[in-house]
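final.cif, holding mmCIF, C-alpha atoms and all ligand atoms:
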```
data_start
#
loop_
_atom_site.label_atom_id
_atom_site.label_comp_id
_atom_site.auth_asym_id
_atom_site.auth_seq_id
_atom_site.Cartn_x
_atom_site.Cartn_y
_atom_site.Cartn_z
CA MET B 22 88.09 114.37 96.37
CA LYS B 23 90.01 112.09 98.73
CA SER B 24 92.32 109.37 97.51
CA ILE B 25 92.06 105.81 98.83
CA VAL B 26 94.76 103.18 98.31
CA ILE B 27 93.82 99.58 99.10
CA LEU B 28 96.40 96.88 99.90
CA ILE B 29 95.50 93.25 99.23
CA SER B 30 97.23 89.88 99.14
CA GLY B 31 94.58 87.69 97.54
CA ARG B 32 90.91 87.50 96.65
CA GLY B 33 90.14 91.08 97.58
CA SER B 34 86.44 90.69 98.34
CA ASN B 35 86.62 93.44 100.98
CA MET B 36 88.34 95.68 98.42
CA GLU B 37 85.49 94.95 95.99
CA ALA B 38 82.90 95.86 98.62
CA ILE B 39 84.69 99.17 99.26
CA VAL B 40 85.03 99.98 95.54
CA HIS B 41 81.32 99.31 94.99
CA ALA B 42 80.23 101.31 98.03
CA CYS B 43 82.47 104.23 97.04
CA GLN B 44 80.95 104.31 93.55
CA GLN B 45 77.34 103.61 94.44
CA GLU B 46 77.10 105.82 97.52
CA GLY B 47 78.94 108.74 95.93
CA TRP B 48 81.66 109.11 98.56
CA PRO B 49 83.81 112.26 98.36
CA ALA B 50 86.65 109.92 97.42
CA ARG B 51 87.97 107.60 94.77
CA VAL B 52 89.91 104.38 94.98
CA ALA B 53 93.13 105.58 93.36
CA ALA B 54 95.01 102.30 93.43
CA VAL B 55 95.04 98.69 94.57
CA VAL B 56 98.49 97.44 95.56
CA SER B 57 99.43 93.83 96.25
CA ASN B 58 102.49 92.00 97.51
CA LYS B 59 101.50 89.10 95.25
CA ALA B 60 101.36 89.34 91.46
CA ASP B 61 98.75 86.56 91.30
CA ALA B 62 96.33 88.16 93.78
CA SER B 63 93.00 87.68 92.01
CA GLY B 64 91.65 90.97 93.35
CA LEU B 65 94.05 92.81 91.03
CA GLN B 66 91.98 91.65 88.02
CA PHE B 67 88.80 93.11 89.45
CA ALA B 68 90.54 96.42 90.17
CA ALA B 69 92.03 96.63 86.67
CA ALA B 70 88.62 95.85 85.15
CA GLN B 71 87.23 98.80 87.11
CA GLY B 72 89.87 101.08 85.61
CA ILE B 73 91.70 101.37 88.94
CA ALA B 74 95.50 101.59 88.87
CA THR B 75 97.20 98.48 90.17
CA ALA B 76 100.74 97.84 91.38
CA VAL B 77 102.67 94.87 92.73
CA VAL B 78 105.50 95.06 95.24
CA ASP B 79 106.68 91.48 95.66
CA HIS B 80 107.93 90.97 99.20
CA LYS B 81 110.10 88.05 98.03
CA ALA B 82 112.25 90.44 96.04
CA PHE B 83 113.51 92.17 99.20
CA ASP B 84 116.12 91.11 101.75
CA SER B 85 114.38 92.61 104.76
CA ARG B 86 110.97 93.76 105.97
CA GLU B 87 112.36 97.28 106.20
CA ALA B 88 113.43 97.28 102.55
CA PHE B 89 110.09 95.87 101.40
CA ASP B 90 108.09 98.33 103.50
CA ALA B 91 110.18 101.27 102.27
CA GLU B 92 109.42 100.39 98.65
CA LEU B 93 105.76 99.68 99.47
CA ALA B 94 105.43 103.09 101.15
CA ARG B 95 107.09 104.74 98.17
CA VAL B 96 104.67 103.08 95.72
CA VAL B 97 101.62 103.84 97.89
CA ASP B 98 102.74 107.46 98.24
CA THR B 99 102.80 107.93 94.47
CA PHE B 100 98.98 107.85 94.70
CA SER B 101 98.93 110.53 97.43
CA PRO B 102 96.58 108.60 99.70
CA ASP B 103 94.40 110.30 102.28
CA VAL B 104 93.33 106.86 103.45
CA VAL B 105 95.17 103.52 103.27
CA VAL B 106 93.03 100.40 103.59
CA LEU B 107 94.45 96.99 104.46
CA ALA B 108 92.00 94.49 102.99
CA GLY B 109 93.37 91.02 103.51
CA PHE B 110 96.94 92.31 103.25
CA MET B 111 98.78 89.45 104.89
CA ARG B 112 102.14 91.02 105.75
CA ILE B 113 103.43 92.12 109.13
CA LEU B 114 104.25 95.81 108.75
CA THR B 115 107.25 97.55 110.25
CA GLU B 116 106.83 100.35 112.76
CA GLY B 117 108.26 102.81 110.23
CA PHE B 118 105.58 101.96 107.67
CA VAL B 119 102.78 102.12 110.24
CA ARG B 120 103.93 105.46 111.66
CA HIS B 121 104.13 106.92 108.15
CA PHE B 122 100.40 106.26 107.61
CA GLU B 123 99.29 106.52 111.24
CA GLY B 124 95.77 107.85 111.75
CA ARG B 125 94.81 107.27 108.13
CA MET B 126 95.29 103.49 107.84
CA LEU B 127 92.57 100.94 108.67
CA ASN B 128 92.58 97.14 108.83
CA VAL B 129 89.83 94.54 109.01
CA HIS B 130 90.39 91.38 111.01
CA PRO B 131 88.01 88.40 111.16
CA SER B 132 87.65 88.18 114.94
CA LEU B 133 86.31 90.20 117.81
CA LEU B 134 89.63 91.81 118.71
CA PRO B 135 91.50 91.79 121.00
CA ALA B 136 90.62 88.08 120.85
CA PHE B 137 92.44 85.96 118.27
CA PRO B 138 94.83 88.27 116.44
CA GLY B 139 96.93 86.58 113.75
CA LEU B 140 96.07 83.51 111.67
CA HIS B 141 93.47 80.70 111.95
CA THR B 142 91.09 82.92 113.88
CA HIS B 143 87.94 80.95 113.11
CA GLN B 144 89.43 77.60 114.07
CA ARG B 145 90.77 79.08 117.30
CA ALA B 146 87.39 80.64 118.13
CA ILE B 147 85.61 77.30 117.58
CA GLU B 148 88.22 75.38 119.62
CA ALA B 149 87.92 77.88 122.45
CA GLY B 150 84.17 77.24 122.58
CA CYS B 151 83.28 80.84 121.72
CA LYS B 152 79.58 81.47 121.33
CA LEU B 153 80.21 84.65 119.38
CA ALA B 154 82.72 85.44 116.65
CA GLY B 155 82.89 88.44 114.37
CA ALA B 156 84.89 91.09 112.59
CA THR B 157 86.75 94.18 113.73
CA VAL B 158 87.82 97.32 111.87
CA HIS B 159 90.62 99.18 113.62
CA PHE B 160 93.24 101.83 113.10
CA VAL B 161 96.58 100.21 112.43
CA THR B 162 99.30 100.38 115.08
CA PRO B 163 102.67 98.65 115.01
CA GLU B 164 101.35 95.63 116.93
CA LEU B 165 99.77 93.03 114.61
CA ASP B 166 95.94 93.11 114.55
CA HIS B 167 95.81 95.63 117.37
CA GLY B 168 94.89 99.28 117.46
CA PRO B 169 91.98 101.53 118.38
CA ILE B 170 88.73 99.83 117.40
CA VAL B 171 86.42 101.66 114.98
CA ALA B 172 83.64 99.12 114.48
CA GLN B 173 82.74 95.53 115.24
CA ALA B 174 80.10 93.06 114.14
CA ALA B 175 79.29 89.82 115.94
CA VAL B 176 77.93 86.58 114.53
CA PRO B 177 76.91 83.46 116.47
CA VAL B 178 79.14 80.40 116.44
CA LEU B 179 76.72 77.61 115.55
CA LYS B 180 76.80 74.00 116.69
CA GLY B 181 78.84 71.99 114.18
CA ASP B 182 80.39 75.09 112.59
CA THR B 183 83.51 74.47 110.52
CA PRO B 184 86.15 77.22 110.28
CA GLN B 185 85.06 77.78 106.67
CA ALA B 186 81.36 78.07 107.52
CA LEU B 187 82.16 80.54 110.27
CA ALA B 188 84.54 82.48 108.01
CA ASP B 189 81.81 82.77 105.36
CA ARG B 190 79.35 84.15 107.92
CA VAL B 191 81.91 86.62 109.29
CA LEU B 192 82.87 87.74 105.77
CA VAL B 193 79.30 88.84 105.09
CA GLN B 194 79.62 91.18 108.07
CA GLU B 195 83.06 92.40 106.95
CA HIS B 196 81.57 93.46 103.62
CA ARG B 197 78.98 95.54 105.47
CA LEU B 198 81.23 96.89 108.22
CA TYR B 199 84.42 97.79 106.37
CA PRO B 200 82.95 100.06 103.67
CA GLN B 201 81.00 101.89 106.37
CA ALA B 202 84.15 102.50 108.44
CA VAL B 203 86.20 103.61 105.41
CA ARG B 204 83.41 105.98 104.48
CA TRP B 205 83.47 107.51 107.97
CA LEU B 206 87.21 108.10 107.58
CA VAL B 207 86.99 109.73 104.14
CA GLU B 208 84.15 111.91 105.41
CA ASP B 209 86.35 113.08 108.32
CA ARG B 210 83.96 111.52 110.78
CA LEU B 211 86.73 109.54 112.47
CA THR B 212 89.79 110.90 114.22
CA LEU B 213 92.33 109.52 116.61
CA ALA B 214 93.05 111.49 119.76
CA ASN B 215 95.71 109.98 122.04
CA GLY B 216 94.90 106.51 120.76
CA VAL B 217 91.15 106.90 121.21
CA VAL B 218 88.72 106.90 118.28
CA ILE B 219 86.53 109.98 118.16
CA GLN B 220 83.47 109.53 115.97
CA ARG B 221 81.45 112.49 114.75
CA PRO B 222 77.79 111.95 113.90
CA ASP B 223 76.59 112.48 110.35
CA TYR B 224 75.91 116.12 109.45
CA ALA B 225 72.48 114.97 108.22
CA ASP B 226 71.62 114.25 111.86
CA GLY B 227 71.99 117.96 112.61
CA VAL B 228 69.74 118.94 109.71
CA GLU B 229 67.06 116.53 110.85
CA LEU B 230 67.30 117.75 114.42
CA LEU B 231 66.96 121.34 113.24
CA ALA B 232 63.87 120.43 111.21
CA LEU B 233 62.39 118.69 114.23
CA ALA B 234 63.13 121.65 116.46
CA VAL B 235 61.43 124.05 114.02
CA ALA B 236 58.44 121.71 113.77
CA GLY B 237 58.29 121.58 117.54
CA ILE B 238 58.37 125.36 117.91
CA LEU B 239 55.55 125.68 115.37
CA LEU B 240 53.63 123.08 117.33
CA LEU B 241 54.16 125.05 120.51
CA MET B 242 52.94 128.22 118.82
CA LEU B 243 49.88 126.56 117.33
CA THR B 244 48.70 124.70 120.35
CA ARG B 245 48.05 125.63 123.89
CA TRP B 246 49.18 122.18 124.91
CA THR B 247 52.63 123.49 125.65
CA TYR B 248 53.88 120.53 127.61
CA VAL B 249 52.58 117.99 125.11
CA GLY B 250 54.39 119.84 122.32
CA LEU B 251 57.58 120.06 124.33
CA ALA B 252 57.46 116.38 125.21
CA ALA B 253 56.90 115.49 121.54
CA VAL B 254 59.96 117.50 120.47
CA VAL B 255 62.17 115.92 123.10
CA ALA B 256 60.92 112.41 122.29
CA LEU B 257 61.33 112.84 118.54
CA SER B 258 64.80 114.35 118.88
CA ALA B 259 65.96 111.62 121.24
CA GLY B 260 64.55 108.97 118.91
CA THR B 261 66.35 110.43 115.91
CA VAL B 262 69.67 110.61 117.71
CA ALA B 263 69.30 107.04 118.97
CA ALA B 264 68.32 105.73 115.55
CA ARG B 265 71.16 107.58 113.81
CA SER B 266 73.93 106.76 116.24
CA PRO B 267 76.56 104.82 114.25
C1 LIG V 301 89.32 88.71 105.36
O1 LIG V 301 88.55 87.80 106.07
C2 LIG V 301 90.07 89.61 106.32
O2 LIG V 301 89.38 89.88 107.50
C3 LIG V 301 91.30 88.78 106.60
O3 LIG V 301 91.64 88.20 105.38
C4 LIG V 301 90.44 88.03 104.61
C5 LIG V 301 90.68 88.65 103.26
O4 LIG V 301 89.61 88.40 102.40
N1 LIG V 301 92.35 89.60 107.14
C6 LIG V 301 93.17 89.19 108.12
O5 LIG V 301 93.13 88.09 108.60
C7 LIG V 301 94.16 90.25 108.58
N2 LIG V 301 94.81 89.84 109.78
P1 LIG V 301 89.44 89.24 101.07
O6 LIG V 301 90.79 89.19 100.36
O7 LIG V 301 88.38 88.51 100.29
O8 LIG V 301 89.06 90.62 101.46
#
```
Take the structure from the file and write it as structure tokens.
Amino acid sequence: MKSIVILISGRGSNMEAIVHACQQEGWPARVAAVVSNKADASGLQFAAAQGIATAVVDHKAFDSREAFDAELARVVDTFSPDVVVLAGFMRILTEGFVRHFEGRMLNVHPSLLPAFPGLHTHQRAIEAGCKLAGATVHFVTPELDHGPIVAQAAVPVLKGDTPQALADRVLVQEHRLYPQAVRWLVEDRLTLANGVVIQRPDYADGVELLALAVAGILLLMLTRWTYVGLAAVVALSAGTVAARSP
């Protein structure tokens, strides 16, 4: 059973979506802890109500980013995380912290990265006249809101959109996208090789393909329409792979 630690700074709606998905979809993982840099982060109440351990490391109590990050890493490490999830964790992280969790730490950002890293993404997207906005899940690297991209979802920017209206529409996609990406990581379906994301298809795809192949062979044996059978197998297999591609 893998251990997930989620870092939040506020509402924690992405954290909630991940906790629910983990429970309801039976991931081979549990959310071991939710850690915040703010004691009043409302997401902490949800986590506690779910029986999840919570911890606060207040960044204001430290003289430097390095000191804060060292204590944060120490607290996170007490939960032996296989996966660290930044879910609205609004602190710039030091290189030391990022390297410590490299390859097992994801972030969600409410823009189609590499466009609009940082704050006020929705307002900047509207002002730039973007026709599409969206959300990105990426592995965390020392540069803020950068790193190898795991998944993206796009939403249209509508005429008359306010930053809040656009943020609400993007957030719906974040709640779909982020749990899916975290699940891939806990299922060892995501790895980083020289800064490139390698994504392995679901094992279930292989089982289905095998079943299709067996069905095709039976078809070939039962019919003299060899080429029709062969074509059916190829078409069905290709269709399954296309439909299942993440
Ligand atoms: C989310 O929209 C997330 O993408 C964003 O903060 C919000 C947190 O909401 N994160 C960033 O901007 C990181 N650069 P939540 O607390 O309800 O999950």
Which residues come within 7 Å of Val119 in chain B, counting only C-alpha atoms, excluding same-chain residues fewer than 4 positions away, as a PyMOL selection string?
chain B and resi 114-115+123+161-163
Please identify every polymer residue within 10 Å of ligand LIG 301 (chain V), using all atoms listed in the file, and present the set as a CSV table (one decimal) with C-alpha atoms, in the coordinates of the input.
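Saved as selection-v7.csv:
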```
chain,number,residue,atom,x,y,z
B,28,LEU,CA,96.4,96.9,99.9
B,29,ILE,CA,95.5,93.2,99.2
B,30,SER,CA,97.2,89.9,99.1
B,31,GLY,CA,94.6,87.7,97.5
B,32,ARG,CA,90.9,87.5,96.6
B,33,GLY,CA,90.1,91.1,97.6
B,34,SER,CA,86.4,90.7,98.3
B,35,ASN,CA,86.6,93.4,101.0
B,36,MET,CA,88.3,95.7,98.4
B,37,GLU,CA,85.5,95.0,96.0
B,38,ALA,CA,82.9,95.9,98.6
B,39,ILE,CA,84.7,99.2,99.3
B,62,ALA,CA,96.3,88.2,93.8
B,63,SER,CA,93.0,87.7,92.0
B,64,GLY,CA,91.6,91.0,93.4
B,107,LEU,CA,94.4,97.0,104.5
B,108,ALA,CA,92.0,94.5,103.0
B,109,GLY,CA,93.4,91.0,103.5
B,110,PHE,CA,96.9,92.3,103.2
B,111,MET,CA,98.8,89.4,104.9
B,112,ARG,CA,102.1,91.0,105.8
B,113,ILE,CA,103.4,92.1,109.1
B,128,ASN,CA,92.6,97.1,108.8
B,129,VAL,CA,89.8,94.5,109.0
B,130,HIS,CA,90.4,91.4,111.0
B,131,PRO,CA,88.0,88.4,111.2
B,132,SER,CA,87.6,88.2,114.9
B,137,PHE,CA,92.4,86.0,118.3
B,138,PRO,CA,94.8,88.3,116.4
B,139,GLY,CA,96.9,86.6,113.8
B,140,LEU,CA,96.1,83.5,111.7
B,141,HIS,CA,93.5,80.7,112.0
B,142,THR,CA,91.1,82.9,113.9
B,143,HIS,CA,87.9,81.0,113.1
B,155,GLY,CA,82.9,88.4,114.4
B,156,ALA,CA,84.9,91.1,112.6
B,157,THR,CA,86.8,94.2,113.7
B,158,VAL,CA,87.8,97.3,111.9
B,165,LEU,CA,99.8,93.0,114.6
B,166,ASP,CA,95.9,93.1,114.6
B,167,HIS,CA,95.8,95.6,117.4
B,188,ALA,CA,84.5,82.5,108.0
B,189,ASP,CA,81.8,82.8,105.4
B,191,VAL,CA,81.9,86.6,109.3
B,192,LEU,CA,82.9,87.7,105.8
B,193,VAL,CA,79.3,88.8,105.1
B,194,GLN,CA,79.6,91.2,108.1
B,195,GLU,CA,83.1,92.4,107.0
B,196,HIS,CA,81.6,93.5,103.6
B,199,TYR,CA,84.4,97.8,106.4
```
Separation of CA of Pro184 in chain B from CA of Ile170 in chain B, in Å and rounded to one decimal:
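Result for CA of Pro184 in chain B versus CA of Ile170 in chain B: 23.8 Å, one decimal.
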With all atoms listed in the file as the atoms that count, which of B:Ala256, B:Leu93, B:Val104, B:Ala186 lies nearest to Gln144 in chain B?
B:Ala186
Coordinates-based distance that separates CA of Ala91 in chain B from CA of Lys59 in chain B (Å, one decimal)
16.5 Å
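The gap separating CA of Ala174 in chain B from CA of Ala146 in chain B is 14.9 Å, in Å to one decimal.
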Rank nothing, just name the residue among B:Val106, B:Ala82, B:Val96, B:Ala88 nearest to Ile27 in chain B, using all atoms listed in the file.
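Selected residue with least distance to Ile27 in chain B: B:Val106.
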Polymer residues at most 12 Å from Val218 in chain B, all atoms listed in the file, same-chain spacing of 2 or more positions, as a list in words:
Gly124, Arg125, Leu127, Val158, His159, Phe160, Val161, Gly168, Pro169, Ile170, Val171, Ala172, Ala202, Trp205, Leu206, Asp209, Arg210, Leu211, Thr212, Leu213, Ala214, Asn215, Gly216, Gln220 and Arg221 of chain B
Could you pull the residues within 8 Å of Val26 in chain B, counting only C-alpha atoms, minus those fewer than 2 positions along the same chain, as JSON, numbers by chain?
{"B": [24, 28, 52, 53, 54, 55, 56, 97, 100, 102, 104, 105, 106]}
Judged by only C-alpha atoms, the minimum distance to Phe118 in chain B among B:Glu46, B:Asp84, B:Glu164, B:Glu148 is found for B:Glu164
